[in-house]
Amino acid sequence: MSDSLLLLVFMVPGTFFLGLYDVYTRKVLREGIQEGFLIGALFIPAGALLLLVSLAFGFPVLTSDFWYAFGITAGLNIVSQLMWFKALRRENVSLISPITLLTPPLVLFTGFLFLGEEPSLAGIFGVLVTVAGLLL
């Protein structure tokens with residue numbers, strides 16, 4: 001399967017459903033559901049699914065390094081989801097949702113800063129196109 005076909009088959013529908021998710025999250029938040037409850041409503045089923053998969057296929061060996069990374073990741077996810085929901089409660093989804101286009105430049109920068117990765121010219125160009133799209 002070509003890369004372009006993979007993009008069309010997975011990324012286009014995925015982007016569409018992510019947009020729907022943002023719209024319905026805004027709708028739910030405007031109806032009075034609290035941000036903390038919504039985070040729990042999302043994280044608890046995800047944890048239950050992970051538990052079921054782990055029971056079915058076995059638990060991996062976990063080291064102390066895993067728990068350190070898990071704690072940081074879980075903490076950042078909870079805080080970022082809370083901030084995202086607060087933003088969606090206060091502003092229109094058409095204003096908040098495009099802010100996710102800032103992710104590629106931040107990933108490029110932090111990958112270089114913390115991991116020593118050197119982005120390709122195509123990667124840099126793609127990020128510049130994304131930033132230009134955000135500005136438009």
# chains A, B, ... in the order shown; residues from 1 in each chain; ligands from 1
>>> residues_around(residues="Arg90 in chain A", least_positions_apart="5", cutoff="9 Å", atoms="only C-alpha atoms", output="PyMOL selection string")
chain A and resi 26+30+85
>>> residues_around(residues="Ser94 in chain A", least_positions_apart="4", cutoff="12 Å", atoms="only C-alpha atoms", output="number ranges by chain")
A: 19-20, 22-23, 26, 87-88, 90, 98-100
>>> residues_around(residues="Leu106 in chain A", least_positions_apart="6", cutoff="12 Å", atoms="only C-alpha atoms", output="PyMOL selection string")
chain A and resi 99-100+112-114+124+127-128+130-131
>>> closest_residue(among="A:Leu82, A:Val129, A:Val9, A:Leu135", to="Leu29 in chain A", atoms="only C-alpha atoms")
A:Leu82
>>> residues_around(residues="Ala132 in chain A", least_positions_apart="4", cutoff="12 Å", atoms="only C-alpha atoms", output="compact mmCIF listing (two decimals) with C-alpha atoms, in the first residue's frame")
# COMPACT_ATOMS: atom_id res chain seq x y z
CA LEU A 101 -1.61 22.56 14.68
CA LEU A 102 1.06 23.89 17.06
CA PRO A 105 6.63 22.52 15.64
CA PHE A 125 9.12 22.07 5.38
CA GLY A 126 6.07 20.14 6.60
CA VAL A 127 6.14 21.99 9.91
CA LEU A 128 6.44 25.33 8.11
CA LEU A 136 -4.22 31.48 7.57
>>> residues_around(residues="range 41-56 of chain A", least_positions_apart="3", cutoff="12 Å", atoms="only C-alpha atoms", output="list in words")
Tyr21, Thr25, Ile33, Gln34, Glu35, Gly36, Phe37, Leu38, Phe59, Pro60, Val61, Ala74, Asn77, Ile78, Gln81 and Leu82 of chain A
>>> select_by_dssp(residues="range 32-83 of chain A", states="alpha helix (DSSP H)", output="number ranges by chain")
A: 35-57, 64-83
>>> write_last_selection(atoms="C-alpha atoms", output="mmCIF file, in the first residue's frame")
data_model
loop_
_atom_site.group_PDB
_atom_site.id
_atom_site.type_symbol
_atom_site.label_atom_id
_atom_site.label_comp_id
_atom_site.auth_asym_id
_atom_site.auth_seq_id
_atom_site.Cartn_x
_atom_site.Cartn_y
_atom_site.Cartn_z
ATOM 1 C CA GLU A 35 -14.207 18.811 33.284
ATOM 2 C CA GLY A 36 -13.005 16.463 36.036
ATOM 3 C CA PHE A 37 -15.957 14.132 35.524
ATOM 4 C CA LEU A 38 -15.324 14.049 31.786
ATOM 5 C CA ILE A 39 -11.654 13.179 32.331
ATOM 6 C CA GLY A 40 -12.704 10.303 34.587
ATOM 7 C CA ALA A 41 -15.316 9.184 32.068
ATOM 8 C CA LEU A 42 -12.547 8.945 29.450
ATOM 9 C CA PHE A 43 -9.679 7.551 31.533
ATOM 10 C CA ILE A 44 -11.583 4.844 33.443
ATOM 11 C CA PRO A 45 -12.813 2.956 30.337
ATOM 12 C CA ALA A 46 -9.348 3.302 28.783
ATOM 13 C CA GLY A 47 -7.801 1.765 31.910
ATOM 14 C CA ALA A 48 -10.405 -1.001 31.926
ATOM 15 C CA LEU A 49 -9.640 -1.800 28.282
ATOM 16 C CA LEU A 50 -5.916 -1.914 29.056
ATOM 17 C CA LEU A 51 -6.605 -4.250 31.973
ATOM 18 C CA LEU A 52 -8.686 -6.578 29.795
ATOM 19 C CA VAL A 53 -6.022 -6.689 27.090
ATOM 20 C CA SER A 54 -3.332 -7.327 29.701
ATOM 21 C CA LEU A 55 -5.374 -10.138 31.233
ATOM 22 C CA ALA A 56 -5.885 -11.685 27.800
ATOM 23 C CA PHE A 57 -2.287 -11.407 26.568
ATOM 24 C CA SER A 64 11.020 1.266 38.041
ATOM 25 C CA ASP A 65 11.928 3.331 34.961
ATOM 26 C CA PHE A 66 8.523 2.456 33.486
ATOM 27 C CA TRP A 67 6.672 3.735 36.532
ATOM 28 C CA TYR A 68 8.632 6.989 36.493
ATOM 29 C CA ALA A 69 7.774 7.567 32.806
ATOM 30 C CA PHE A 70 4.184 6.416 33.398
ATOM 31 C CA GLY A 71 3.744 8.889 36.250
ATOM 32 C CA ILE A 72 5.055 11.787 34.192
ATOM 33 C CA THR A 73 2.954 10.826 31.164
ATOM 34 C CA ALA A 74 -0.227 10.309 33.186
ATOM 35 C CA GLY A 75 0.259 13.581 35.052
ATOM 36 C CA LEU A 76 0.859 15.555 31.870
ATOM 37 C CA ASN A 77 -2.138 13.933 30.197
ATOM 38 C CA ILE A 78 -4.472 14.751 33.072
ATOM 39 C CA VAL A 79 -3.334 18.374 33.247
ATOM 40 C CA SER A 80 -3.425 18.853 29.461
ATOM 41 C CA GLN A 81 -6.885 17.262 29.135
ATOM 42 C CA LEU A 82 -8.169 19.469 31.939
ATOM 43 C CA MET A 83 -6.788 22.603 30.265
#
>>> closest_residue(among="A:Tyr24, A:Phe10, A:Phe16, A:Phe109", to="Asn92 in chain A", atoms="only C-alpha atoms")
A:Tyr24
>>> atom_distance(atom1="CA of Leu121 in chain A", atom2="CA of Val107 in chain A")
15.1 Å
>>> decode(residues="range 33-78 of chain A", atoms="N, CA and C atoms", output="compact mmCIF listing (two decimals), in the first residue's frame")
# COMPACT_ATOMS: atom_id res chain seq x y z
N ILE A 33 -21.64 19.46 32.20
CA ILE A 33 -20.77 18.39 32.71
C ILE A 33 -19.44 19.02 33.14
N GLN A 34 -18.93 18.63 34.31
CA GLN A 34 -17.68 19.17 34.81
C GLN A 34 -16.48 18.52 34.11
N GLU A 35 -15.41 19.29 33.97
CA GLU A 35 -14.21 18.81 33.28
C GLU A 35 -13.63 17.57 33.96
N GLY A 36 -13.56 17.59 35.29
CA GLY A 36 -13.01 16.46 36.04
C GLY A 36 -13.80 15.18 35.82
N PHE A 37 -15.12 15.30 35.77
CA PHE A 37 -15.96 14.13 35.52
C PHE A 37 -15.71 13.59 34.12
N LEU A 38 -15.56 14.47 33.16
CA LEU A 38 -15.32 14.05 31.79
C LEU A 38 -13.97 13.35 31.65
N ILE A 39 -12.97 13.85 32.35
CA ILE A 39 -11.65 13.18 32.33
C ILE A 39 -11.79 11.77 32.89
N GLY A 40 -12.49 11.63 34.01
CA GLY A 40 -12.70 10.30 34.59
C GLY A 40 -13.49 9.40 33.66
N ALA A 41 -14.49 9.97 32.99
CA ALA A 41 -15.32 9.18 32.07
C ALA A 41 -14.50 8.70 30.87
N LEU A 42 -13.41 9.37 30.55
CA LEU A 42 -12.55 8.94 29.45
C LEU A 42 -11.44 8.01 29.92
N PHE A 43 -10.83 8.32 31.07
CA PHE A 43 -9.68 7.55 31.53
C PHE A 43 -10.07 6.19 32.12
N ILE A 44 -11.20 6.11 32.81
CA ILE A 44 -11.58 4.84 33.44
C ILE A 44 -11.86 3.75 32.41
N PRO A 45 -12.64 4.01 31.36
CA PRO A 45 -12.81 2.96 30.34
C PRO A 45 -11.50 2.60 29.62
N ALA A 46 -10.64 3.60 29.42
CA ALA A 46 -9.35 3.30 28.78
C ALA A 46 -8.52 2.38 29.67
N GLY A 47 -8.51 2.64 30.97
CA GLY A 47 -7.80 1.77 31.91
C GLY A 47 -8.41 0.38 31.97
N ALA A 48 -9.73 0.30 31.91
CA ALA A 48 -10.40 -1.00 31.93
C ALA A 48 -10.06 -1.80 30.67
N LEU A 49 -10.02 -1.13 29.53
CA LEU A 49 -9.64 -1.80 28.28
C LEU A 49 -8.20 -2.31 28.36
N LEU A 50 -7.31 -1.49 28.89
CA LEU A 50 -5.92 -1.91 29.06
C LEU A 50 -5.83 -3.12 29.99
N LEU A 51 -6.60 -3.12 31.05
CA LEU A 51 -6.61 -4.25 31.97
C LEU A 51 -7.09 -5.52 31.28
N LEU A 52 -8.16 -5.41 30.51
CA LEU A 52 -8.69 -6.58 29.79
C LEU A 52 -7.67 -7.12 28.79
N VAL A 53 -7.03 -6.25 28.06
CA VAL A 53 -6.02 -6.69 27.09
C VAL A 53 -4.85 -7.34 27.82
N SER A 54 -4.44 -6.76 28.93
CA SER A 54 -3.33 -7.33 29.70
C SER A 54 -3.70 -8.69 30.29
N LEU A 55 -4.93 -8.84 30.73
CA LEU A 55 -5.37 -10.14 31.23
C LEU A 55 -5.40 -11.18 30.12
N ALA A 56 -5.78 -10.76 28.93
CA ALA A 56 -5.89 -11.68 27.80
C ALA A 56 -4.51 -12.08 27.26
N PHE A 57 -3.58 -11.14 27.20
CA PHE A 57 -2.29 -11.41 26.57
C PHE A 57 -1.12 -11.46 27.55
N GLY A 58 -1.38 -11.17 28.80
CA GLY A 58 -0.32 -11.21 29.80
C GLY A 58 0.22 -9.82 30.10
N PHE A 59 0.71 -9.68 31.30
CA PHE A 59 1.28 -8.41 31.74
C PHE A 59 2.77 -8.37 31.39
N PRO A 60 3.25 -7.27 30.85
CA PRO A 60 4.68 -7.18 30.56
C PRO A 60 5.47 -6.98 31.85
N VAL A 61 6.75 -7.24 31.79
CA VAL A 61 7.62 -6.99 32.92
C VAL A 61 7.84 -5.49 33.01
N LEU A 62 7.56 -4.92 34.17
CA LEU A 62 7.67 -3.48 34.34
C LEU A 62 8.80 -3.17 35.33
N THR A 63 9.62 -2.20 34.97
CA THR A 63 10.72 -1.79 35.83
C THR A 63 10.39 -0.46 36.49
N SER A 64 11.24 -0.01 37.37
CA SER A 64 11.02 1.27 38.04
C SER A 64 11.07 2.42 37.05
N ASP A 65 11.88 2.28 35.98
CA ASP A 65 11.93 3.33 34.96
C ASP A 65 10.57 3.50 34.29
N PHE A 66 9.86 2.39 34.09
CA PHE A 66 8.52 2.46 33.49
C PHE A 66 7.61 3.29 34.36
N TRP A 67 7.60 3.03 35.65
CA TRP A 67 6.67 3.73 36.53
C TRP A 67 6.98 5.22 36.60
N TYR A 68 8.25 5.57 36.52
CA TYR A 68 8.63 6.99 36.49
C TYR A 68 8.06 7.65 35.24
N ALA A 69 8.28 7.02 34.06
CA ALA A 69 7.77 7.57 32.81
C ALA A 69 6.24 7.56 32.79
N PHE A 70 5.65 6.51 33.34
CA PHE A 70 4.18 6.42 33.40
C PHE A 70 3.61 7.56 34.24
N GLY A 71 4.22 7.82 35.38
CA GLY A 71 3.74 8.89 36.25
C GLY A 71 3.81 10.25 35.58
N ILE A 72 4.92 10.51 34.90
CA ILE A 72 5.05 11.79 34.19
C ILE A 72 4.02 11.89 33.07
N THR A 73 3.90 10.82 32.28
CA THR A 73 2.95 10.83 31.16
C THR A 73 1.52 10.98 31.65
N ALA A 74 1.14 10.22 32.67
CA ALA A 74 -0.23 10.31 33.19
C ALA A 74 -0.50 11.70 33.75
N GLY A 75 0.44 12.24 34.49
CA GLY A 75 0.26 13.58 35.05
C GLY A 75 0.10 14.64 33.97
N LEU A 76 0.96 14.59 32.97
CA LEU A 76 0.86 15.56 31.87
C LEU A 76 -0.45 15.40 31.11
N ASN A 77 -0.88 14.16 30.90
CA ASN A 77 -2.14 13.93 30.20
C ASN A 77 -3.33 14.48 30.97
N ILE A 78 -3.35 14.26 32.26
CA ILE A 78 -4.47 14.75 33.07
C ILE A 78 -4.52 16.27 33.05
